[in-house]
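Enquirer: Below: one structure in structure tokens.
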Amino acid sequence: MRQGDSTALETLGRFCRPLGQALADAVALLDPGLIVFGGWVSAALGEPLVAAVIPVIKEYAFGTCFEATTTALGGHQDNPVSLGMAVLAFETHLLD
């Protein structure tokens with residue numbers, strides 16, 4: 001994609017529309033302060049992914065909800081789910 005491959009760019013375009021729509025629903029339901037794009041997808045697609053998804057989120061989300069939301073690329077790309085679960089267990093059971 002970074003080299004301008006037309007198939008990769010087309011795939012990004014098709015992938016970002018449903019992702020943006022789903023994230024717009026999440027923004028409307030959860031009103032998050034932060035959306036983090038992580039894992040291997042963000043490692044492979046990076047800023048082009050965020051740049052393509054944000055306009056779709058804006059199109060489908062309620063304006064005031066999304067205006068209060070920040071988007072970022074995650075720094076942990078190996079296994080963010082396991083990392084998140086480890087942090088949750090640590091905060092829940094070890095910090096009490």
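Simple scheme: letters A, B, ... for chains in structure tokens order, numbers from 1 for residues in each chain, numbers from 1 for ligands in the order shown.
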Could you tell me, as a count of residues only, which residues of chain A DSSP assigns to alpha helix (DSSP H) when given the backbone?
Expert: 62
Enquirer: Would you mind writing down, as a list in words, each residue of chain A that DSSP on the backbone assigns to strand (DSSP E or B)?
Expert: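 For chain A, the strand (DSSP E or B) set is Leu34, Ile35, Val36, Phe37, Thr70, Thr71, Ala72 and Leu73 of chain A.
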Enquirer: Those residues with C-alpha atoms, as a PDB file, in the first residue's frame please?
Expert:
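Result went into selection_2.pdb, see below:
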ATOM      1  CA  LEU A  34     -10.351   7.732  22.664  1.00  0.00           C
ATOM      2  CA  ILE A  35     -10.380   5.292  19.746  1.00  0.00           C
ATOM      3  CA  VAL A  36      -7.095   3.388  19.385  1.00  0.00           C
ATOM      4  CA  PHE A  37      -6.278   1.557  16.167  1.00  0.00           C
ATOM      5  CA  THR A  70      -9.597  11.433  19.877  1.00  0.00           C
ATOM      6  CA  THR A  71      -8.158   8.833  17.508  1.00  0.00           C
ATOM      7  CA  ALA A  72      -4.663   7.373  17.710  1.00  0.00           C
ATOM      8  CA  LEU A  73      -2.502   4.536  16.497  1.00  0.00           C
TER       9      LEU A  73
END
Enquirer: Near A:Ser42, counting only C-alpha atoms, which residues have an atom at most 9 Å away, once you skip same-chain residues fewer than 4 positions from it, shown as a VMD selection string?
Expert: chain A and resid 37 to 38 46 to 47 49 to 50 73 to 74 77
Enquirer: Compare A:Ala22, A:Val41, A:Asp31, A:Ala52 by their minimum atom-to-atom distance to A:Leu9, counting only C-alpha atoms, and give me the closest one.
Expert: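 Checking each of A:Ala22, A:Val41, A:Asp31, A:Ala52 against A:Leu9, counting only C-alpha atoms, the winner is A:Ala52.
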Enquirer: Nearest to A:Asp25 among A:Ala68, A:Ala61, A:Ala51, A:Ala8, with distances taken over only C-alpha atoms: which residue is it?
Expert: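 Using only C-alpha atoms, A:Asp25 sits closest to A:Ala61.
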Enquirer: When you look at A:Leu12 with a cut-off of 10 Å (counting only C-alpha atoms), what residues show up, excluding the ones that are within fewer than 2 positions of it in the same chain? I need them as a list in words.
Expert: Met1, Ser6, Thr7, Ala8, Leu9, Glu10, Arg14, Phe15, Cys16, Arg17, Leu45, Pro48, Leu49, Ala52 and Val53 of chain A
Enquirer: To one decimal in Å, tell me the separation between atom CA of A:Val81 and atom CA of A:Thr11.
Expert: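 If I compute the distance from atom CA of A:Val81 to atom CA of A:Thr11, I get 24.6 Å.
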Enquirer: Between A:Phe90, A:Asp5, A:Phe62, A:Thr69, which has the minimum distance to A:Ala28 (counting only C-alpha atoms)?
Expert: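 Ranked by minimum distance to A:Ala28, first place goes to A:Phe62.
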